[in-house]
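With compact mmCIF, C-alpha atoms inside, this is protein26.txt:
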# COMPACT_ATOMS: atom_id res chain seq x y z
CA MET A 82 45.83 14.34 -0.05
CA ASN A 83 43.87 15.63 -3.06
CA THR A 84 45.16 18.02 -5.71
CA GLU A 85 43.78 21.12 -4.01
CA ASP A 86 45.26 20.12 -0.65
CA GLN A 87 48.62 19.59 -2.33
CA LEU A 88 48.32 22.98 -4.01
CA LEU A 89 47.58 24.68 -0.67
CA THR A 90 50.51 22.87 0.98
CA ASP A 91 52.80 24.03 -1.83
CA ILE A 92 51.61 27.63 -1.44
CA GLN A 93 52.22 27.50 2.30
CA SER A 94 55.75 26.34 1.67
CA GLY A 95 56.30 29.47 -0.43
CA ASN A 96 55.60 28.21 -3.94
CA THR A 97 54.17 31.21 -5.79
CA GLN A 98 53.71 29.14 -8.94
CA ALA A 99 51.24 26.98 -7.03
CA PHE A 100 49.42 30.13 -5.98
CA SER A 101 49.10 31.26 -9.58
CA GLN A 102 47.42 27.91 -10.31
CA LEU A 103 44.99 28.55 -7.49
CA VAL A 104 44.23 32.03 -8.85
CA GLU A 105 43.70 30.56 -12.32
CA LYS A 106 41.25 28.03 -10.88
CA TYR A 107 39.12 30.42 -8.87
CA GLN A 108 39.49 33.87 -10.41
CA ASP A 109 36.35 33.72 -12.56
CA GLN A 110 34.16 32.56 -9.66
CA MET A 111 35.50 35.20 -7.28
CA TYR A 112 35.26 37.90 -9.94
CA SER A 113 31.65 36.90 -10.69
CA VAL A 114 30.65 37.29 -7.06
CA CYS A 115 32.51 40.61 -6.67
CA LEU A 116 30.96 41.89 -9.91
CA SER A 117 27.45 40.92 -8.79
CA ILE A 118 27.92 42.81 -5.53
CA LEU A 119 29.88 45.85 -6.75
CA LYS A 120 28.33 46.14 -10.23
CA THR A 121 31.33 47.95 -11.72
CA LYS A 122 34.12 46.13 -13.52
CA ASP A 123 37.00 48.23 -12.14
CA GLU A 124 35.93 47.85 -8.52
CA ALA A 125 35.19 44.15 -9.03
CA GLN A 126 38.68 43.64 -10.42
CA GLU A 127 40.27 45.49 -7.48
CA ALA A 128 38.16 43.59 -4.95
CA THR A 129 39.02 40.25 -6.57
CA GLN A 130 42.72 41.11 -6.52
CA ASP A 131 42.47 42.09 -2.86
CA THR A 132 40.61 38.84 -2.18
CA PHE A 133 43.45 36.74 -3.58
CA ILE A 134 46.10 38.73 -1.73
CA LYS A 135 44.14 38.20 1.51
CA ILE A 136 43.85 34.49 0.69
CA TYR A 137 47.62 34.29 0.20
CA LYS A 138 48.42 36.16 3.38
CA SER A 139 45.96 34.34 5.62
CA LEU A 140 46.20 30.85 4.21
CA GLY A 141 47.71 29.72 7.51
CA LYS A 142 44.38 30.50 9.21
CA TYR A 143 42.37 28.36 6.77
CA ASN A 144 40.95 25.26 8.42
CA ARG A 145 41.50 22.34 6.05
CA GLN A 146 38.39 20.61 7.39
CA SER A 147 36.16 23.18 5.69
CA LYS A 148 35.63 23.65 1.96
CA PHE A 149 38.29 25.91 0.46
CA SER A 150 35.88 27.54 -2.03
CA SER A 151 33.50 28.54 0.80
CA TRP A 152 36.39 30.14 2.70
CA ALA A 153 37.52 31.97 -0.44
CA TYR A 154 33.94 33.10 -1.19
CA ARG A 155 33.68 34.45 2.35
CA ILE A 156 36.75 36.61 1.78
CA ALA A 157 35.45 37.78 -1.61
CA TYR A 158 32.00 38.55 -0.19
CA ARG A 159 33.33 40.50 2.80
CA THR A 160 35.94 42.33 0.72
CA SER A 161 33.23 43.43 -1.71
CA LEU A 162 30.99 44.63 1.12
CA ASP A 163 33.98 46.56 2.56
CA TYR A 164 34.39 48.26 -0.82
CA ILE A 165 30.75 49.32 -0.72
CA ARG A 166 31.18 50.74 2.79
CA LYS A 167 34.28 52.65 1.69
CA ARG A 168 32.64 54.17 -1.36
CA LYS A 169 32.78 57.95 -1.02
CA ALA A 170 29.88 58.56 -3.37
CA THR A 171 27.16 55.96 -3.27
CA ILE A 172 26.27 54.65 -6.66
CA ASP A 173 22.62 55.14 -7.37
CA ILE A 174 21.27 51.72 -8.24
CA ASP A 175 19.10 53.25 -10.97
CA ASN A 176 22.17 54.72 -12.65
CA VAL A 177 24.11 51.49 -12.75
CA ASP A 178 24.65 50.14 -16.22
CA HIS A 179 22.94 46.79 -15.74
CA THR A 180 24.32 45.47 -18.97
CA ILE A 181 27.83 45.66 -17.48
CA LEU A 182 27.29 42.34 -15.77
CA SER A 183 26.07 40.71 -18.93
CA SER A 184 29.40 39.95 -20.50
CA VAL A 185 28.94 36.27 -21.13
CA GLN A 186 30.89 35.17 -24.15
CA SER A 187 30.41 31.84 -25.76
CA SER A 188 31.10 30.62 -29.20
CA ASP A 189 29.65 27.15 -29.02
CA ARG A 190 26.50 27.85 -27.09
CA GLN A 191 23.30 28.69 -28.85
CA LEU A 192 22.61 32.40 -29.13
CA GLU A 193 19.31 31.92 -27.29
CA GLN A 194 21.05 30.57 -24.19
CA VAL A 195 23.66 33.34 -24.28
CA GLU A 196 20.95 35.99 -24.56
CA LEU A 197 19.07 34.45 -21.64
CA SER A 198 22.23 34.44 -19.53
CA ASN A 199 23.00 38.06 -20.37
CA LYS A 200 19.47 39.18 -19.52
CA LEU A 201 19.50 37.18 -16.31
CA LEU A 202 22.81 38.75 -15.26
CA ALA A 203 21.40 42.16 -16.11
CA ALA A 204 18.36 41.36 -13.94
CA ILE A 205 20.68 40.39 -11.05
CA GLY A 206 22.27 43.82 -11.55
CA TYR A 207 19.00 45.40 -10.41
CA LEU A 208 19.17 43.65 -7.05
CA PRO A 209 20.76 45.43 -4.07
CA SER A 210 24.44 44.47 -3.70
CA GLU A 211 24.19 42.04 -0.79
CA GLU A 212 21.19 40.22 -2.26
CA ALA A 213 22.83 40.02 -5.69
CA GLY A 214 25.87 38.38 -4.08
CA LEU A 215 23.70 35.90 -2.20
CA VAL A 216 21.74 34.86 -5.29
CA ARG A 217 24.89 34.54 -7.39
CA MET A 218 26.72 32.42 -4.83
CA PHE A 219 23.67 30.25 -4.10
CA HIS A 220 23.26 29.31 -7.75
CA LEU A 221 26.86 29.49 -8.93
CA GLU A 222 28.02 26.68 -6.68
CA GLU A 223 24.58 25.33 -5.76
CA MET A 224 25.43 26.18 -2.19
CA SER A 225 23.49 25.03 0.82
CA ILE A 226 22.05 27.46 3.37
CA GLN A 227 24.77 26.26 5.80
CA GLU A 228 27.50 27.29 3.34
CA LEU A 229 25.87 30.67 2.79
CA MET A 230 25.68 31.10 6.58
CA ASP A 231 29.42 30.40 6.83
CA ILE A 232 30.19 32.90 4.10
CA THR A 233 27.96 35.73 5.23
CA GLY A 234 28.21 35.18 8.97
CA LEU A 235 24.44 35.56 9.24
CA SER A 236 22.12 33.34 11.27
CA LYS A 237 20.20 30.54 9.54
CA SER A 238 16.87 32.35 9.64
CA ASN A 239 18.42 35.62 8.50
CA THR A 240 20.18 33.91 5.60
CA LYS A 241 16.98 32.15 4.54
CA VAL A 242 14.92 35.33 4.72
CA LYS A 243 17.49 37.38 2.78
CA LEU A 244 17.85 34.72 0.11
CA PHE A 245 14.08 34.33 -0.20
CA ARG A 246 13.62 38.09 -0.56
CA ALA A 247 16.36 38.26 -3.16
CA ARG A 248 14.83 35.46 -5.23
CA LYS A 249 11.38 36.98 -4.95
CA LYS A 250 12.71 40.38 -6.01
CA LEU A 251 14.56 38.84 -8.92
CA ALA A 252 11.38 37.18 -10.15
CA GLU A 253 9.60 40.53 -9.91
CA ILE A 254 12.45 42.32 -11.73
CA ILE A 255 12.21 39.80 -14.56
CA LYS A 256 8.45 40.31 -14.78
CA THR A 257 8.74 44.11 -14.72
CA ASN A 258 11.84 44.77 -16.82
CA PHE A 259 12.38 41.66 -18.87
CA SER A 260 8.93 40.63 -20.09
CA GLU A 261 10.42 38.77 -23.09
CA MET A 262 12.49 36.67 -20.76
CA GLU A 263 9.48 36.04 -18.55
CA SER A 264 7.49 34.71 -21.50
CA TYR A 265 10.43 32.59 -22.53
CA LEU A 266 10.81 31.14 -19.04
CA GLU A 267 7.08 30.45 -18.79
CA MET A 268 7.09 28.61 -22.10
CA GLN A 269 10.03 26.36 -21.24
CA MET B 19 7.23 35.55 3.93
CA ASP B 20 5.04 34.75 0.96
CA SER B 21 3.88 31.22 1.85
CA GLY B 22 3.02 30.22 -1.74
CA LEU B 23 6.42 31.21 -3.07
CA THR B 24 8.15 29.77 0.00
CA ARG B 25 6.58 26.39 -0.69
CA ILE B 26 7.51 26.54 -4.39
CA LEU B 27 11.13 27.42 -3.62
CA ASP B 28 11.37 24.83 -0.84
CA TYR B 29 10.02 22.22 -3.28
CA ILE B 30 12.53 23.26 -5.96
CA ASP B 31 15.43 23.31 -3.49
CA GLY B 32 14.43 19.92 -2.07
CA ASN B 33 13.86 21.32 1.39
CA MET B 34 10.49 19.62 1.93
CA ALA B 35 9.85 16.44 3.89
CA ASN B 36 8.75 13.47 1.77
CA ALA B 37 5.07 13.60 2.73
CA GLU B 38 4.87 17.35 2.18
CA SER B 39 6.71 17.04 -1.12
CA ASP B 40 4.31 14.33 -2.36
CA ALA B 41 1.32 16.44 -1.40
CA PHE B 42 2.76 19.45 -3.18
CA SER B 43 3.42 17.36 -6.32
CA GLN B 44 -0.28 16.44 -6.38
CA GLU B 45 -1.28 20.04 -5.80
CA ILE B 46 0.84 21.18 -8.77
CA LEU B 47 -0.84 18.61 -10.99
CA HIS B 48 -4.34 19.79 -10.16
CA ASN B 49 -3.84 23.53 -9.66
CA LYS B 50 -3.22 25.19 -13.02
CA GLU B 51 -2.14 28.57 -11.58
CA LEU B 52 0.21 26.98 -9.05
CA ASN B 53 1.63 24.81 -11.83
CA LYS B 54 2.33 27.89 -13.94
CA GLN B 55 4.08 29.64 -11.04
CA TYR B 56 6.06 26.52 -10.18
CA ARG B 57 7.28 26.07 -13.76
CA TYR B 58 8.25 29.73 -13.99
CA HIS B 59 10.32 29.65 -10.79
CA LEU B 60 11.81 26.27 -11.71
CA ASN B 61 12.96 27.73 -15.04
CA VAL B 62 14.38 30.86 -13.37
CA ASN B 63 16.21 28.62 -10.92
CA THR B 64 17.53 26.34 -13.66
CA ALA B 65 18.67 29.32 -15.74
CA LEU B 66 20.43 30.84 -12.72
CA THR B 67 22.19 27.58 -11.97
CA LYS B 68 23.36 27.36 -15.59
CA LEU B 69 24.69 30.93 -15.57
CA PRO B 70 28.32 30.92 -16.57
CA THR B 71 30.91 32.81 -14.55
CA SER B 72 32.01 36.24 -15.74
CA LYS B 73 35.48 36.12 -17.20
CA ALA B 74 38.05 37.85 -15.01
CA PRO B 75 40.16 40.51 -16.78
CA ASP B 76 43.39 39.18 -18.31
CA ALA B 77 45.56 41.58 -16.32
CA MET B 78 44.27 40.28 -12.99
CA MET B 79 46.67 37.37 -12.64
CA ASP B 80 49.72 39.57 -13.35
CA ASN B 81 48.52 42.24 -10.92
CA ILE B 82 48.04 39.70 -8.14
CA MET B 83 51.38 38.01 -8.67
CA GLN B 84 53.18 41.37 -8.87
CA SER B 85 51.59 42.49 -5.60
CA LEU B 86 52.85 39.36 -3.90
CA THR B 87 56.41 39.56 -5.16
CA LYS B 88 56.91 43.26 -4.31
CA PRO B 89 58.13 43.98 -0.76
CA SER B 90 55.00 44.61 1.27
CA PHE B 91 56.08 47.96 2.64
CA LEU B 92 55.88 49.30 -0.90
CA THR B 93 52.52 47.82 -1.70
CA ALA B 94 50.63 47.77 1.59
CA LYS B 95 47.67 50.05 1.91
CA TYR B 96 48.22 51.26 5.42
CA SER B 97 45.22 51.17 7.68
CA SER B 98 44.61 54.16 9.88
CA PHE B 99 46.17 52.29 12.85
CA ALA B 100 49.36 51.55 10.89
CA GLY B 101 49.46 55.18 9.78
CA ILE B 102 49.36 56.36 13.38
CA LYS B 103 52.12 53.89 14.21
CA PHE B 104 54.38 55.47 11.60
CA ILE B 105 53.50 59.01 12.66
CA ILE B 106 54.43 58.18 16.27
CA ALA B 107 57.65 56.54 15.15
CA GLY B 108 58.46 59.55 12.98
CA ALA B 109 57.77 61.88 15.91
CA PHE B 110 60.20 59.91 18.08
CA VAL B 111 62.91 60.13 15.47
CA VAL B 112 62.43 63.87 14.89
CA THR B 113 62.41 64.52 18.65
CA ALA B 114 65.56 62.47 19.09
CA ILE B 115 67.37 64.33 16.32
CA LEU B 116 66.27 67.73 17.68
CA LEU B 117 67.41 66.76 21.17
CA LEU B 118 70.74 65.64 19.81
CA ILE B 119 71.30 68.78 17.75
CA GLY B 120 70.17 70.99 20.64
CA TYR B 121 72.46 69.22 23.02
CA LEU B 122 75.47 69.36 20.73
CA PHE B 123 75.09 73.09 20.20
CA SER B 124 74.33 73.82 23.82
CA SER B 125 76.93 76.01 25.53
CA ASP B 126 76.38 74.03 28.74
CA VAL B 127 77.86 70.93 27.25
CA ALA B 128 81.15 70.17 28.90
CA VAL B 129 83.73 69.36 26.32
CA ALA B 130 85.52 66.22 27.22
CA TYR B 131 88.34 65.70 24.83
CA ASN B 132 88.99 62.07 24.15
CA THR B 133 92.07 60.68 22.56
CA SER B 134 90.36 57.72 21.02
CA GLN B 135 91.09 56.73 17.46
CA LEU B 136 87.77 58.14 16.25
CA THR B 137 88.51 61.53 17.81
CA GLN B 138 91.93 61.63 16.24
CA TYR B 139 90.45 60.72 12.87
CA MET B 140 87.72 63.40 13.17
CA ASP B 141 90.39 65.92 14.16
CA ARG B 142 92.21 65.30 10.91
CA ILE B 143 89.02 65.80 8.87
CA ILE B 144 87.55 68.72 10.80
CA PRO B 145 90.13 70.80 12.67
CA ASN B 146 89.01 72.07 16.09
CA TRP B 147 86.16 69.51 16.19
CA GLU B 148 85.10 68.76 19.74
CA MET B 149 83.43 65.62 20.90
CA PRO B 150 81.35 65.99 24.10
CA THR B 151 81.55 62.25 24.70
CA SER B 152 80.89 61.85 28.40
CA SER B 153 78.02 64.37 28.60
CA LEU B 154 76.13 62.66 25.75
CA MET B 155 76.19 59.20 27.31
CA PRO B 156 73.02 59.58 29.48
CA TYR B 157 71.00 60.39 26.31
CA ALA B 158 72.28 57.43 24.30
CA PRO B 159 69.61 54.85 25.37
CA TYR B 160 66.77 57.26 24.52
CA VAL B 161 68.24 58.01 21.13
CA CYS B 162 68.77 54.32 20.37
CA PHE B 163 65.23 53.51 21.53
CA SER B 164 63.76 56.24 19.30
CA LEU B 165 65.71 55.03 16.31
CA ALA B 166 64.75 51.40 16.92
CA ILE B 167 60.99 52.08 16.70
CA PRO B 168 60.78 52.94 12.99
CA LEU B 169 63.19 50.09 12.30
CA PHE B 170 60.88 47.60 14.02
CA ALA B 171 57.82 49.11 12.28
CA VAL B 172 59.35 48.59 8.85
CA LEU B 173 60.50 45.09 9.77
CA ASP B 174 57.07 44.20 11.14
CA ASN B 175 55.35 45.43 7.99
CA TYR B 176 57.76 43.51 5.80
CA MET B 177 57.28 40.28 7.74
CA ARG B 178 53.49 40.47 7.43
CA SER B 179 53.76 39.38 3.80
CA PHE B 180 54.97 36.02 5.08
CA SER B 181 52.49 35.80 7.93
CA PHE B 182 50.80 32.64 6.65
CA ILE B 183 53.90 30.63 7.52
CA ASN B 184 53.44 28.65 10.75
CA THR B 185 50.50 30.72 11.93
CA LYS B 186 48.08 27.78 12.03
Take the structure in this file and express it as structure tokens.
Amino acid sequence: MNTEDQLLTDIQSGNTQAFSQLVEKYQDQMYSVCLSILKTKDEAQEATQDTFIKIYKSLGKYNRQSKFSSWAYRIAYRTSLDYIRKRKATIDIDNVDHTILSSVQSSDRQLEQVELSNKLLAAIGYLPSEEAGLVRMFHLEEMSIQELMDITGLSKSNTKVKLFRARKKLAEIIKTNFSEMESYLEMQ
Amino acid sequence: MDSGLTRILDYIDGNMANAESDAFSQEILHNKELNKQYRYHLNVNTALTKLPTSKAPDAMMDNIMQSLTKPSFLTAKYSSFAGIKFIIAGAFVVTAILLLIGYLFSSDVAVAYNTSQLTQYMDRIIPNWEMPTSSLMPYAPYVCFSLAIPLFAVLDNYMRSFSFINTK
């Protein structure tokens, strides 16, 4: 039994301390996905909190044969999409503060890399919610199409098409809105 | 789909068969424009893979742990179905109470004086108090049933917070 399995067993036996360790381990990843989809920090925080509460309450339904992170991402992804559906006033994508996603902080990285990351996150902010989530998850964990299918519940062809469109759009967004970054990426 | 970009992304993701991949490698070497596009998408892909996670707010952990330690009936966001469940339960209780009050004050109720200990005790507290014991008995199961519904609803909601136990 590996460390994560032990942690999940402890949680299922009612150890809340073990659950706090699990939250500590995954909160940044889940928050990143929720933030990419929802694009506002407050909503992303709420959705992430809901995600962890759902994880805690439905841990008994988790099949240990599958990857825990994929199962957790699926809950985060669906919870975020539920938040979008429940929004009373739809946020106009053009009015979203795209810099809100670019909150990368690093002291030991070179400024150039941090700036690139911030601009890239801002560019992801221009993508529609679902596509932004797909791109973020695909690259964050270097997920396979099969894992994305499990998370989104879409068919293989649908997942591939959506991911392709999202990546194509992102490249276009970089070319249109982030010409400096485009030149930088071309020169690398 | 854009076949040029599809091929570039498939090549980057390693989704091409060996022969196709080798042919594409040669094509990149000899086609300057394709090479430029490939390098651009490779760099975008690499940069995306290197993207760090966004830091979750500090308060998040406390909020999550607090939500889990509070009794669920205080923290649960009731779905519309659960809301209806409580409205129905509430309606049962109100109906039961109204029936009881109506019955007690009804002039048709036959007063059956009982010399049980409770009656004697009530007599000392409230002089001239009358207990229509026998006439109320047929209504007792309905009243108990109505009162049990909200009790079960609250219990059910409370137990949901521990639903992960033995549900596999």
* Counting all atoms listed in the file, find the residues whose atoms lie at most 7 Å from (15.1, 31.5, -24.4) (file coordinates) and write them out as a list in words. =>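 Nearby residues: Glu193, Gln194, Leu197, Met262, Tyr265 and Leu266 of chain A.
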Can you write out as a Markdown table which residues of chain A fall within 6 Å of chain B, alongside each residue's closest atom pair and its distance in Å to one decimal, counting only C-alpha atoms and ordering rows by chain and ascending residue number?
| residue | atom | partner | partner_atom | distance |
| --- | --- | --- | --- | --- |
| A:Asp109 | CA | B:Ala74 | CA | 5.1 |
| A:Gln110 | CA | B:Thr71 | CA | 5.9 |
| A:Tyr112 | CA | B:Ala74 | CA | 5.8 |
| A:Ser113 | CA | B:Ser72 | CA | 5.1 |
| A:Gln130 | CA | B:Ile82 | CA | 5.7 |
| A:Lys138 | CA | B:Phe182 | CA | 5.4 |
| A:Ser139 | CA | B:Phe182 | CA | 5.2 |
| A:Leu140 | CA | B:Phe182 | CA | 5.5 |
| A:Gly141 | CA | B:Phe182 | CA | 4.3 |
| A:Lys142 | CA | B:Lys186 | CA | 5.4 |
| A:Ser198 | CA | B:Leu69 | CA | 5.8 |
| A:His220 | CA | B:Thr67 | CA | 4.7 |
| A:Leu221 | CA | B:Thr67 | CA | 5.9 |
| A:Leu266 | CA | B:Asn61 | CA | 5.7 |
| A:Glu267 | CA | B:Tyr58 | CA | 5.0 |
* Asked: Hey, can you check how far atom CA of Lys249 of chain A sits from atom CA of Ile30 of chain B?
  ->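 Result for atom CA of Lys249 of chain A versus atom CA of Ile30 of chain B: 13.8 Å, one decimal.
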* Which residues, written as a ChimeraX atom specification, have at least one atom at most 6 Å from segment 115-124 of chain A, with all atoms listed in the file counted and residues fewer than 6 positions away on the same chain left out? -> /A:161,210,213-214
* Structure fact -> note - atom CA of Ile232 of chain A and atom CA of Glu211 of chain A are separated by 12.0 Å
* **segment 143-155 of chain A environment, 10 Å, only C-alpha atoms, sequence neighbours closer than 6 positions dropped, as a list in words** =>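 Answer for this query is Glu85, Asp86, Leu89, Tyr107, Gln110, Met111, Val114, Cys115, Thr132, Phe133, Lys135, Ile136, Ser161, Met218, Glu222, Met224, Glu228, Leu229, Met230, Asp231, Ile232, Thr233 and Gly234 of chain A; Phe182, Thr185 and Lys186 of chain B.
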* Between atom CA of Ile119 of chain B and atom CA of Leu165 of chain B - distance in Å to one decimal ->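 Between atom CA of Leu165 of chain B and atom CA of Ile119 of chain B the gap is 14.9 Å.
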* A:Phe259, A:Phe219, A:Ser238, A:Ala125: which is nearest Asn199 of chain A, counting all atoms listed in the file? -> A:Phe259
Residue completion, segment 119-136 of chain A, N, CA and C atoms, as a compact mmCIF listing (two decimals), in the frame of the given file:
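Result file is out_19.txt:
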# COMPACT_ATOMS: atom_id res chain seq x y z
N LEU A 119 29.39 44.48 -6.54
CA LEU A 119 29.88 45.85 -6.75
C LEU A 119 29.33 46.50 -8.02
N LYS A 120 28.99 45.69 -8.98
CA LYS A 120 28.33 46.14 -10.23
C LYS A 120 29.19 47.01 -11.14
N THR A 121 30.44 47.23 -10.79
CA THR A 121 31.33 47.95 -11.72
C THR A 121 32.57 47.09 -11.93
N LYS A 122 33.02 47.04 -13.18
CA LYS A 122 34.12 46.13 -13.52
C LYS A 122 35.42 46.50 -12.81
N ASP A 123 35.73 47.80 -12.76
CA ASP A 123 37.00 48.23 -12.14
C ASP A 123 37.06 47.84 -10.66
N GLU A 124 35.97 48.16 -9.96
CA GLU A 124 35.93 47.85 -8.52
C GLU A 124 35.95 46.34 -8.30
N ALA A 125 35.23 45.61 -9.17
CA ALA A 125 35.19 44.15 -9.03
C ALA A 125 36.58 43.57 -9.23
N GLN A 126 37.32 44.13 -10.18
CA GLN A 126 38.68 43.64 -10.42
C GLN A 126 39.57 43.91 -9.20
N GLU A 127 39.47 45.14 -8.67
CA GLU A 127 40.27 45.49 -7.48
C GLU A 127 39.92 44.59 -6.30
N ALA A 128 38.60 44.41 -6.09
CA ALA A 128 38.16 43.59 -4.95
C ALA A 128 38.63 42.15 -5.11
N THR A 129 38.58 41.64 -6.33
CA THR A 129 39.02 40.25 -6.57
C THR A 129 40.51 40.13 -6.30
N GLN A 130 41.28 41.12 -6.77
CA GLN A 130 42.72 41.11 -6.52
C GLN A 130 43.01 41.13 -5.02
N ASP A 131 42.30 42.01 -4.32
CA ASP A 131 42.47 42.09 -2.86
C ASP A 131 42.12 40.75 -2.20
N THR A 132 41.05 40.13 -2.72
CA THR A 132 40.61 38.84 -2.18
C THR A 132 41.74 37.82 -2.26
N PHE A 133 42.38 37.74 -3.42
CA PHE A 133 43.45 36.74 -3.58
C PHE A 133 44.67 37.07 -2.72
N ILE A 134 44.96 38.35 -2.58
CA ILE A 134 46.10 38.73 -1.73
C ILE A 134 45.80 38.35 -0.28
N LYS A 135 44.54 38.58 0.14
CA LYS A 135 44.14 38.20 1.51
C LYS A 135 44.22 36.68 1.67
N ILE A 136 43.79 35.97 0.63
CA ILE A 136 43.85 34.49 0.69
C ILE A 136 45.30 34.05 0.89
